[in-house]
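The next block is my_file17.pdb, given as PDB, C-alpha atoms.
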```
ATOM      1  CA  MET S  20     150.801 201.704  94.229
ATOM      2  CA  THR S  21     154.081 202.481  92.502
ATOM      3  CA  ALA S  22     153.716 202.946  88.775
ATOM      4  CA  PRO S  23     155.529 200.231  86.794
ATOM      5  CA  ALA S  24     158.568 201.144  84.757
ATOM      6  CA  ALA S  25     158.202 201.604  81.040
ATOM      7  CA  ALA S  26     157.806 198.289  79.249
ATOM      8  CA  VAL S  27     160.889 196.787  77.650
ATOM      9  CA  PRO S  28     160.308 194.485  74.639
ATOM     10  CA  LEU S  29     161.457 190.965  75.404
ATOM     11  CA  GLU S  30     163.523 190.912  72.253
ATOM     12  CA  SER S  31     165.725 193.685  73.675
ATOM     13  CA  ALA S  32     166.537 191.774  76.857
ATOM     14  CA  ASP S  33     169.764 190.306  75.621
ATOM     15  CA  ARG S  34     172.993 191.638  74.148
ATOM     16  CA  SER S  35     173.866 194.433  76.557
ATOM     17  CA  TRP S  36     174.320 192.237  79.620
ATOM     18  CA  LEU S  37     175.508 188.863  78.335
ATOM     19  CA  SER S  38     179.157 189.551  79.173
ATOM     20  CA  GLY S  39     178.382 190.470  82.798
ATOM     21  CA  ASP S  40     177.896 188.362  85.912
ATOM     22  CA  ASP S  41     175.008 185.886  85.818
ATOM     23  CA  ALA S  42     173.213 187.756  88.612
ATOM     24  CA  VAL S  43     173.172 190.921  86.510
ATOM     25  CA  VAL S  44     171.963 188.999  83.460
ATOM     26  CA  VAL S  45     169.189 187.384  85.483
ATOM     27  CA  ARG S  46     168.049 190.716  86.903
ATOM     28  CA  HIS S  47     167.788 192.419  83.524
ATOM     29  CA  TYR S  48     166.007 189.521  81.838
ATOM     30  CA  ALA S  49     163.591 189.283  84.778
ATOM     31  CA  GLU S  50     162.886 193.028  84.618
ATOM     32  CA  ALA S  51     162.206 192.723  80.891
ATOM     33  CA  LEU S  52     159.736 189.905  81.493
ATOM     34  CA  VAL S  53     157.875 191.789  84.221
ATOM     35  CA  ASP S  54     157.711 194.978  82.150
ATOM     36  CA  ALA S  55     156.440 193.133  79.065
ATOM     37  CA  ALA S  56     153.882 191.196  81.117
ATOM     38  CA  VAL S  57     152.630 194.398  82.774
ATOM     39  CA  ALA S  58     152.265 196.052  79.360
ATOM     40  CA  GLU S  59     150.047 193.168  78.239
ATOM     41  CA  ASN S  60     148.123 192.886  81.533
ATOM     42  CA  GLN S  61     149.509 189.391  82.043
ATOM     43  CA  ALA S  62     151.817 189.997  85.012
ATOM     44  CA  GLU S  63     150.302 187.638  87.582
ATOM     45  CA  ALA S  64     149.561 184.953  84.992
ATOM     46  CA  ALA S  65     153.088 185.182  83.600
ATOM     47  CA  LEU S  66     154.719 184.906  87.019
ATOM     48  CA  GLU S  67     152.524 181.957  87.963
ATOM     49  CA  ASP S  68     153.307 180.222  84.653
ATOM     50  CA  LEU S  69     157.037 180.712  85.120
ATOM     51  CA  GLU S  70     156.900 179.414  88.700
ATOM     52  CA  ALA S  71     154.845 176.400  87.587
ATOM     53  CA  ILE S  72     157.406 175.595  84.878
ATOM     54  CA  ASP S  73     160.182 175.726  87.463
ATOM     55  CA  ARG S  74     158.282 173.744  90.097
ATOM     56  CA  GLU S  75     156.381 171.189  88.025
ATOM     57  CA  VAL S  76     158.608 170.722  84.986
ATOM     58  CA  LEU S  77     162.244 171.588  85.641
ATOM     59  CA  ARG S  78     162.398 170.206  89.190
ATOM     60  CA  GLU S  79     160.140 167.222  88.613
ATOM     61  CA  HIS S  80     161.800 166.260  85.327
ATOM     62  CA  PRO S  81     165.547 166.951  85.580
ATOM     63  CA  GLN S  82     166.261 165.203  82.274
ATOM     64  CA  PHE S  83     164.059 167.709  80.477
ATOM     65  CA  SER S  84     165.905 170.506  82.258
ATOM     66  CA  GLN S  85     169.206 169.027  81.090
ATOM     67  CA  VAL S  86     167.981 168.977  77.497
ATOM     68  CA  LEU S  87     167.091 172.666  77.645
ATOM     69  CA  GLY S  88     170.505 173.513  79.100
ATOM     70  CA  SER S  89     172.508 171.235  76.815
ATOM     71  CA  SER S  90     174.831 172.729  74.222
ATOM     72  CA  GLN S  91     174.527 169.495  72.234
ATOM     73  CA  VAL S  92     170.872 170.155  71.409
ATOM     74  CA  SER S  93     170.436 172.769  68.692
ATOM     75  CA  GLY S  94     168.593 175.987  69.325
ATOM     76  CA  THR S  95     166.156 175.094  66.545
ATOM     77  CA  GLU S  96     165.313 171.778  68.213
ATOM     78  CA  LYS S  97     164.909 173.464  71.605
ATOM     79  CA  ASP S  98     162.588 176.031  70.079
ATOM     80  CA  ARG S  99     160.444 173.243  68.629
ATOM     81  CA  ILE S 100     160.344 171.541  72.051
ATOM     82  CA  LEU S 101     159.344 174.783  73.787
ATOM     83  CA  VAL S 102     156.486 175.407  71.385
ATOM     84  CA  ASP S 103     155.285 171.788  71.515
ATOM     85  CA  VAL S 104     155.418 171.537  75.324
ATOM     86  CA  PHE S 105     154.337 175.022  76.396
ATOM     87  CA  GLY S 106     152.644 176.517  73.321
ATOM     88  CA  ASP S 107     149.026 176.441  74.506
ATOM     89  CA  ARG S 108     149.739 175.899  78.204
ATOM     90  CA  VAL S 109     151.342 179.193  79.224
ATOM     91  CA  SER S 110     150.632 182.860  78.605
ATOM     92  CA  SER S 111     151.839 184.266  75.300
ATOM     93  CA  VAL S 112     154.353 186.568  76.994
ATOM     94  CA  VAL S 113     155.981 183.615  78.800
ATOM     95  CA  LEU S 114     156.245 181.561  75.610
ATOM     96  CA  ARG S 115     157.936 184.476  73.834
ATOM     97  CA  PHE S 116     160.225 184.914  76.812
ATOM     98  CA  LEU S 117     161.261 181.245  76.735
ATOM     99  CA  ARG S 118     162.042 181.470  73.031
ATOM    100  CA  VAL S 119     164.109 184.630  73.565
ATOM    101  CA  LEU S 120     166.095 182.884  76.299
ATOM    102  CA  ASN S 121     166.659 179.978  73.943
ATOM    103  CA  ARG S 122     167.910 182.204  71.132
ATOM    104  CA  HIS S 123     170.526 183.642  73.474
ATOM    105  CA  GLY S 124     171.484 180.424  75.229
ATOM    106  CA  ARG S 125     169.998 181.429  78.589
ATOM    107  CA  LEU S 126     167.487 178.655  79.292
ATOM    108  CA  GLY S 127     169.806 177.366  82.002
ATOM    109  CA  LEU S 128     168.954 180.473  84.047
ATOM    110  CA  LEU S 129     165.220 179.804  84.005
ATOM    111  CA  SER S 130     164.843 178.831  87.679
ATOM    112  CA  ALA S 131     166.801 181.872  88.847
ATOM    113  CA  LEU S 132     164.794 184.082  86.492
ATOM    114  CA  SER S 133     161.529 182.804  87.935
ATOM    115  CA  ARG S 134     162.597 183.730  91.473
ATOM    116  CA  GLU S 135     164.008 187.105  90.444
ATOM    117  CA  ALA S 136     160.898 188.069  88.478
ATOM    118  CA  ARG S 137     158.700 187.332  91.505
ATOM    119  CA  GLN S 138     160.984 189.400  93.756
ATOM    120  CA  ILE S 139     160.874 192.328  91.321
ATOM    121  CA  TRP S 140     157.073 192.179  91.174
ATOM    122  CA  ASP S 141     156.803 191.993  94.960
ATOM    123  CA  ARG S 142     159.184 194.930  95.480
ATOM    124  CA  ARG S 143     157.210 197.100  93.064
ATOM    125  CA  HIS S 144     154.050 196.397  95.019
ATOM    126  CA  LYS S 145     155.648 196.585  98.478
ATOM    127  CA  ARG S 146     155.046 192.897  99.107
ATOM    128  CA  VAL S 147     157.543 191.350 101.524
ATOM    129  CA  PRO S 148     158.074 187.606 102.094
ATOM    130  CA  VAL S 149     157.623 186.704 105.758
ATOM    131  CA  PHE S 150     158.535 183.255 107.071
ATOM    132  CA  VAL S 151     156.729 182.101 110.200
ATOM    133  CA  ARG S 152     157.207 178.953 112.262
ATOM    134  CA  THR S 153     154.613 178.174 114.897
ATOM    135  CA  ALA S 154     154.490 175.461 117.531
ATOM    136  CA  VAL S 155     150.863 174.667 116.649
ATOM    137  CA  PRO S 156     148.770 175.540 113.580
ATOM    138  CA  LEU S 157     147.146 178.966 113.634
ATOM    139  CA  ASP S 158     143.430 179.329 113.061
ATOM    140  CA  GLN S 159     142.139 181.882 110.569
ATOM    141  CA  SER S 160     141.657 184.676 113.102
ATOM    142  CA  GLN S 161     145.116 184.147 114.613
ATOM    143  CA  GLU S 162     146.731 184.181 111.189
ATOM    144  CA  GLN S 163     144.893 187.371 110.227
ATOM    145  CA  ALA S 164     145.893 189.070 113.490
ATOM    146  CA  LEU S 165     149.519 188.075 112.917
ATOM    147  CA  ARG S 166     149.377 189.326 109.332
ATOM    148  CA  GLU S 167     148.060 192.709 110.445
ATOM    149  CA  ARG S 168     150.658 193.027 113.192
ATOM    150  CA  VAL S 169     153.521 192.179 110.841
ATOM    151  CA  ALA S 170     152.169 194.550 108.181
ATOM    152  CA  GLY S 171     152.255 197.369 110.720
ATOM    153  CA  MET S 172     155.828 196.522 111.683
ATOM    154  CA  ILE S 173     157.228 196.417 108.127
ATOM    155  CA  ALA S 174     154.950 199.036 106.512
ATOM    156  CA  ALA S 175     154.309 196.679 103.595
ATOM    157  CA  THR S 176     152.077 193.787 102.597
ATOM    158  CA  PRO S 177     153.453 190.578 104.143
ATOM    159  CA  ILE S 178     153.443 187.460 101.985
ATOM    160  CA  MET S 179     153.166 184.905 104.750
ATOM    161  CA  GLN S 180     154.685 181.448 104.583
ATOM    162  CA  ILE S 181     153.643 179.624 107.740
ATOM    163  CA  THR S 182     154.939 176.220 108.821
ATOM    164  CA  THR S 183     154.399 174.212 111.993
ATOM    165  CA  ASP S 184     157.377 173.194 114.142
ATOM    166  CA  PRO S 185     156.377 171.334 117.340
ATOM    167  CA  SER S 186     159.963 171.574 118.627
ATOM    168  CA  LEU S 187     159.259 175.226 119.449
ATOM    169  CA  ILE S 188     156.991 173.928 122.269
ATOM    170  CA  GLY S 189     154.951 177.132 122.108
ATOM    171  CA  GLY S 190     154.996 180.600 120.552
ATOM    172  CA  LEU S 191     156.447 181.362 117.135
ATOM    173  CA  ILE S 192     159.423 182.626 115.127
ATOM    174  CA  VAL S 193     158.991 185.368 112.506
ATOM    175  CA  GLN S 194     161.670 186.099 109.916
ATOM    176  CA  VAL S 195     161.648 189.088 107.562
ATOM    177  CA  GLY S 196     164.781 189.195 105.452
ATOM    178  CA  ASP S 197     167.722 188.993 107.853
ATOM    179  CA  ARG S 198     165.624 190.010 110.858
ATOM    180  CA  VAL S 199     164.393 187.256 113.145
ATOM    181  CA  CYS S 200     161.963 187.634 116.034
ATOM    182  CA  ASP S 201     162.071 184.514 118.172
ATOM    183  CA  ALA S 202     159.100 184.462 120.547
ATOM    184  CA  SER S 203     159.092 180.705 121.030
ATOM    185  CA  ILE S 204     158.961 178.984 124.397
ATOM    186  CA  ARG S 205     161.982 176.959 123.317
ATOM    187  CA  ASN S 206     163.969 180.171 122.966
ATOM    188  CA  ARG S 207     162.792 181.433 126.376
ATOM    189  CA  LEU S 208     163.776 178.139 128.004
ATOM    190  CA  GLU S 209     167.180 178.288 126.327
ATOM    191  CA  LYS S 210     167.745 181.816 127.601
ATOM    192  CA  LEU S 211     166.690 180.720 131.094
ATOM    193  CA  ARG S 212     169.082 177.784 130.906
ATOM    194  CA  GLN S 213     171.917 180.090 129.856
ATOM    195  CA  ARG S 214     171.178 182.446 132.763
ATOM    196  CA  LEU S 215     171.185 179.532 135.177
ATOM    197  CA  ILE S 216     174.482 178.278 133.770
ATOM    198  CA  GLU S 217     176.010 181.747 133.967
ATOM    199  CA  GLY S 218     174.743 182.185 137.535
ATOM    200  CA  LYS S 219     176.083 178.794 138.576
ATOM    201  CA  THR S 220     179.428 179.525 136.930
ATOM    202  CA  HIS S 221     179.640 182.853 138.750
ATOM    203  CA  GLU S 222     178.796 181.151 142.045
ATOM    204  CA  ILE S 223     181.480 178.498 141.545
ATOM    205  CA  GLN S 224     184.050 181.129 140.603
ATOM    206  CA  SER S 225     183.172 183.174 143.693
ATOM    207  CA  ARG S 226     183.726 180.145 145.928
ATOM    208  CA  ARG S 227     187.037 179.449 144.242
ATOM    209  CA  ASP S 228     188.084 183.028 144.860
ATOM    210  CA  GLN S 229     187.196 182.653 148.544
ATOM    211  CA  PHE S 230     189.343 179.556 148.889
ATOM    212  CA  SER S 231     192.204 181.081 146.892
ATOM    213  CA  ASN S 232     192.174 184.299 148.912
ATOM    214  CA  PRO S 233     191.222 183.386 152.502
ATOM    215  CA  ALA S 234     190.562 186.300 154.829
TER     216      ALA S 234
END
```
Once you've parsed the file, please lay out its structure as structure tokens.
Amino acid sequence: MTAPAAAVPLESADRSWLSGDDAVVVRHYAEALVDAAVAENQAEAALEDLEAIDREVLREHPQFSQVLGSSQVSGTEKDRILVDVFGDRVSSVVLRFLRVLNRHGRLGLLSALSREARQIWDRRHKRVPVFVRTAVPLDQSQEQALRERVAGMIAATPIMQITTDPSLIGGLIVQVGDRVCDASIRNRLEKLRQRLIEGKTHEIQSRRDQFSNPA
């Protein structure tokens, strides 16, 4: 396992990057959160808390999200809201992180920060998201066999997200980053159809050539 980088206090995750592109700001804040959470042995809990806030609060209650991102609500009022809503419901490192974001007007980046923090954690532990679509649900042994095969191909721990898509007819599609392995029956039938079309087109063209250039 790769050793984590030295912990960065959450309070330092601000001034240096605020004038840069949002993606850079998000990356540095997310790194600061992960480092601080690792230092306090709260990494998994912190990431899960942040993802739950994004999934169950910000997305489910857009008006609350708008309040946090509004410039018309004072930072002091937002801080009170954060403590009241999340105070005893999330890990201490996440609550501090939320309050730091508030002090620097970055609560609007919370969803992006949640995703980036998870990606940073996964990269450090050689965990790779793998998206799988199957024509029919896999049983436990099939899923485990697929997991082991993919792990051998990518030399990392696959984080499998499996969905069922009956339109595939049979087989499956595996996507790792930009790489896609399409082993579905639908894809094989499409390739067969294309070959038939190409063969028919070639045959028609050959006949045309015979009529155009009689012996």
Name the residues that the PyMOL selection byres ((chain S and resi 69-84) around 12) pulls out of this structure, and write them as an mmCIF file with C-alpha atoms, in the coordinates of the input.
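And here is the file that came out, selection-v7.cif:
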```cif
data_model
loop_
_atom_site.group_PDB
_atom_site.id
_atom_site.type_symbol
_atom_site.label_atom_id
_atom_site.label_comp_id
_atom_site.auth_asym_id
_atom_site.auth_seq_id
_atom_site.Cartn_x
_atom_site.Cartn_y
_atom_site.Cartn_z
ATOM 1 C CA ALA S 49 163.591 189.283 84.778
ATOM 2 C CA LEU S 52 159.736 189.905 81.493
ATOM 3 C CA VAL S 53 157.875 191.789 84.221
ATOM 4 C CA ALA S 56 153.882 191.196 81.117
ATOM 5 C CA GLN S 61 149.509 189.391 82.043
ATOM 6 C CA ALA S 62 151.817 189.997 85.012
ATOM 7 C CA GLU S 63 150.302 187.638 87.582
ATOM 8 C CA ALA S 64 149.561 184.953 84.992
ATOM 9 C CA ALA S 65 153.088 185.182 83.600
ATOM 10 C CA LEU S 66 154.719 184.906 87.019
ATOM 11 C CA GLU S 67 152.524 181.957 87.963
ATOM 12 C CA ASP S 68 153.307 180.222 84.653
ATOM 13 C CA GLN S 85 169.206 169.027 81.090
ATOM 14 C CA VAL S 86 167.981 168.977 77.497
ATOM 15 C CA LEU S 87 167.091 172.666 77.645
ATOM 16 C CA GLY S 88 170.505 173.513 79.100
ATOM 17 C CA SER S 89 172.508 171.235 76.815
ATOM 18 C CA VAL S 92 170.872 170.155 71.409
ATOM 19 C CA LYS S 97 164.909 173.464 71.605
ATOM 20 C CA ILE S 100 160.344 171.541 72.051
ATOM 21 C CA LEU S 101 159.344 174.783 73.787
ATOM 22 C CA VAL S 104 155.418 171.537 75.324
ATOM 23 C CA PHE S 105 154.337 175.022 76.396
ATOM 24 C CA ARG S 108 149.739 175.899 78.204
ATOM 25 C CA VAL S 109 151.342 179.193 79.224
ATOM 26 C CA SER S 110 150.632 182.860 78.605
ATOM 27 C CA SER S 111 151.839 184.266 75.300
ATOM 28 C CA VAL S 112 154.353 186.568 76.994
ATOM 29 C CA VAL S 113 155.981 183.615 78.800
ATOM 30 C CA LEU S 114 156.245 181.561 75.610
ATOM 31 C CA ARG S 115 157.936 184.476 73.834
ATOM 32 C CA PHE S 116 160.225 184.914 76.812
ATOM 33 C CA LEU S 117 161.261 181.245 76.735
ATOM 34 C CA LEU S 126 167.487 178.655 79.292
ATOM 35 C CA GLY S 127 169.806 177.366 82.002
ATOM 36 C CA LEU S 128 168.954 180.473 84.047
ATOM 37 C CA LEU S 129 165.220 179.804 84.005
ATOM 38 C CA SER S 130 164.843 178.831 87.679
ATOM 39 C CA ALA S 131 166.801 181.872 88.847
ATOM 40 C CA LEU S 132 164.794 184.082 86.492
ATOM 41 C CA SER S 133 161.529 182.804 87.935
ATOM 42 C CA ARG S 134 162.597 183.730 91.473
ATOM 43 C CA GLU S 135 164.008 187.105 90.444
ATOM 44 C CA ALA S 136 160.898 188.069 88.478
ATOM 45 C CA ARG S 137 158.700 187.332 91.505
ATOM 46 C CA GLN S 138 160.984 189.400 93.756
#
```
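Between atom CA of Arg125 of chain S and atom CA of Thr95 of chain S the interatomic distance comes to 14.1 Å.
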Could you give me, as a list in words, the residues within 10 Å of Asp141 of chain S, counting only C-alpha atoms and dropping anything in the same chain fewer than 5 positions from it?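 In the requested form, the answer reads Glu135, Ala136, Arg146, Val147, Pro148, Thr176, Pro177 and Ile178 of chain S.
You can rank S:Ala174, S:Val102, S:Ile192, S:Leu120 by their closest distance to His144 of chain S using only C-alpha atoms, and at the top of that list sits S:Ala174.
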For a test of reading the model, state the distance in Å between atom CA of Phe150 of chain S and atom CA of Thr182 of chain S, rounded to one decimal. 8.1 Å
For the atom pair atom CA of Gln161 of chain S and atom CA of Val195 of chain S, what is the interatomic distance in Å to one decimal place?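 The value is 18.6 Å.
If you measure from each of S:Val149, S:Ala58, S:Gln91, S:Arg118 to Val199 of chain S using only C-alpha atoms, the closest one turns out to be S:Val149.
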Near Ile204 of chain S, counting all atoms listed in the file, which residues have an atom at most 6 Å away, once you skip same-chain residues fewer than 4 positions from it, shown as a list in words? Ile188, Gly189 and Gly190 of chain S
Kindly output segment 110-129 of chain S as a short mmCIF file (atom, residue, chain, number, x, y, z; two decimals), keeping the file's coordinate frame, after building N, CA and C atoms.
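Result went into out.cif, see below:
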```cif
data_model
loop_
_atom_site.label_atom_id
_atom_site.label_comp_id
_atom_site.auth_asym_id
_atom_site.auth_seq_id
_atom_site.Cartn_x
_atom_site.Cartn_y
_atom_site.Cartn_z
N SER S 110 151.00 181.58 79.21
CA SER S 110 150.63 182.86 78.60
C SER S 110 151.56 183.17 77.44
N SER S 111 151.07 183.96 76.51
CA SER S 111 151.84 184.27 75.30
C SER S 111 153.15 184.97 75.63
N VAL S 112 153.14 185.83 76.65
CA VAL S 112 154.35 186.57 76.99
C VAL S 112 155.42 185.62 77.54
N VAL S 113 155.02 184.58 78.27
CA VAL S 113 155.98 183.62 78.80
C VAL S 113 156.55 182.77 77.67
N LEU S 114 155.73 182.35 76.73
CA LEU S 114 156.24 181.56 75.61
C LEU S 114 157.27 182.37 74.81
N ARG S 115 156.97 183.64 74.55
CA ARG S 115 157.94 184.48 73.83
C ARG S 115 159.22 184.61 74.64
N PHE S 116 159.06 184.77 75.94
CA PHE S 116 160.22 184.91 76.81
C PHE S 116 161.11 183.67 76.76
N LEU S 117 160.50 182.49 76.82
CA LEU S 117 161.26 181.24 76.74
C LEU S 117 162.02 181.15 75.42
N ARG S 118 161.40 181.56 74.35
CA ARG S 118 162.04 181.47 73.03
C ARG S 118 163.18 182.48 72.90
N VAL S 119 163.02 183.65 73.54
CA VAL S 119 164.11 184.63 73.56
C VAL S 119 165.29 184.07 74.35
N LEU S 120 165.01 183.49 75.51
CA LEU S 120 166.10 182.88 76.30
C LEU S 120 166.82 181.82 75.49
N ASN S 121 166.06 181.02 74.76
CA ASN S 121 166.66 179.98 73.94
C ASN S 121 167.56 180.56 72.87
N ARG S 122 167.11 181.61 72.20
CA ARG S 122 167.91 182.20 71.13
C ARG S 122 169.25 182.71 71.64
N HIS S 123 169.30 183.08 72.93
CA HIS S 123 170.53 183.64 73.47
C HIS S 123 171.21 182.70 74.46
N GLY S 124 170.80 181.43 74.42
CA GLY S 124 171.48 180.42 75.23
C GLY S 124 171.35 180.62 76.72
N ARG S 125 170.18 181.12 77.17
CA ARG S 125 170.00 181.43 78.59
C ARG S 125 168.92 180.58 79.27
N LEU S 126 168.51 179.49 78.67
CA LEU S 126 167.49 178.66 79.29
C LEU S 126 167.97 178.05 80.61
N GLY S 127 169.26 177.91 80.77
CA GLY S 127 169.81 177.37 82.00
C GLY S 127 169.58 178.27 83.21
N LEU S 128 169.20 179.52 82.96
CA LEU S 128 168.95 180.47 84.05
C LEU S 128 167.48 180.56 84.42
N LEU S 129 166.67 179.66 83.87
CA LEU S 129 165.22 179.80 84.00
C LEU S 129 164.74 179.79 85.45
#
```
